[in-house]
Amino acid sequence: MRTLKTLALIGLLVKAVVVGVLCTDRVARASAEPAGKAKGEAGKAAPAAVPAEVLARSRGFREMLDALERRTGVLDQREQAVVTREASLKALEKTLADEIARLEQQGGGRAPAPKAAAGAAPTAAAAPPVVTGSAAVTKIYESMKPEEAAPILDKLDDATVKSIFGHMKEKQIGALLAVMNRERAVALTKALADQH
């Protein structure tokens, strides 16, 4: 059995040497031809300056080159799509950060006067700016995939997340909680349960 393996390896080695010698010989002959003739044949046959003889005699080599070129084109398109998506995600993150900062300034700048007011619906007076802002932010998070929104929500305070979740459907909240940090999801679940 071992002898058969050794013979097979020697046979493969001999074949590799023969193919290498043949290819080297063909390349040497192709480079020795007149420059005009070699350029004309190589330009028509292969874009990578592979001699026409080698392409004609090597079965599948041309197909392999074509497949490699197609694959390179597909990978270039995918890379461009990833770059474009990354840029749009960064722009969305910046927009969200600006909106959150604006909402925090609105919430922090409001005086607690509605609580001390004449008693006619104190929460209704304070609610419209926050509801409008959080509704807009909620729409942004609803348009994102849960895997993209969860890391951002993990970094927000409980009040902001509860405000955002207050405008979402239960199914969307469940999808977000499923991909969030476990400890954070537990804390938010407790906060949401206490709220209702």
# chains A, B, ... in the order shown; residues from 1 in each chain; ligands from 1
$ residues_around --residues "Asp157 of chain A" --least-positions-apart "4" --cutoff "12 Å" --atoms "only C-alpha atoms" --output "NGL selection string"
:A and (100 or 104 or 152-153 or 161-164 or 184 or 187-188 or 191)
$ write_last_selection --atoms "C-alpha atoms" --output "mmCIF file, in the first residue's frame"
data_model
loop_
_atom_site.group_PDB
_atom_site.id
_atom_site.type_symbol
_atom_site.label_atom_id
_atom_site.label_comp_id
_atom_site.auth_asym_id
_atom_site.auth_seq_id
_atom_site.Cartn_x
_atom_site.Cartn_y
_atom_site.Cartn_z
ATOM 1 C CA ILE A 100 -31.047 62.654 21.000
ATOM 2 C CA GLU A 104 -32.141 65.871 26.030
ATOM 3 C CA ILE A 152 -27.479 52.155 19.905
ATOM 4 C CA LEU A 153 -30.395 51.562 22.271
ATOM 5 C CA VAL A 161 -35.602 54.062 25.511
ATOM 6 C CA LYS A 162 -38.969 53.860 27.318
ATOM 7 C CA SER A 163 -40.096 56.945 25.406
ATOM 8 C CA ILE A 164 -39.059 55.364 22.109
ATOM 9 C CA ARG A 184 -29.794 45.809 29.444
ATOM 10 C CA ALA A 187 -33.433 46.161 33.006
ATOM 11 C CA LEU A 188 -35.598 47.655 30.253
ATOM 12 C CA ALA A 191 -38.742 49.362 33.646
#
$ closest_residue --among "A:Ala178, A:Met144, A:Ala136, A:Ala67" --to "Leu89 of chain A" --atoms "only C-alpha atoms"
A:Met144
$ atom_distance --atom1 "atom CA of Ala193 of chain A" --atom2 "atom CA of Lys139 of chain A"
22.7 Å
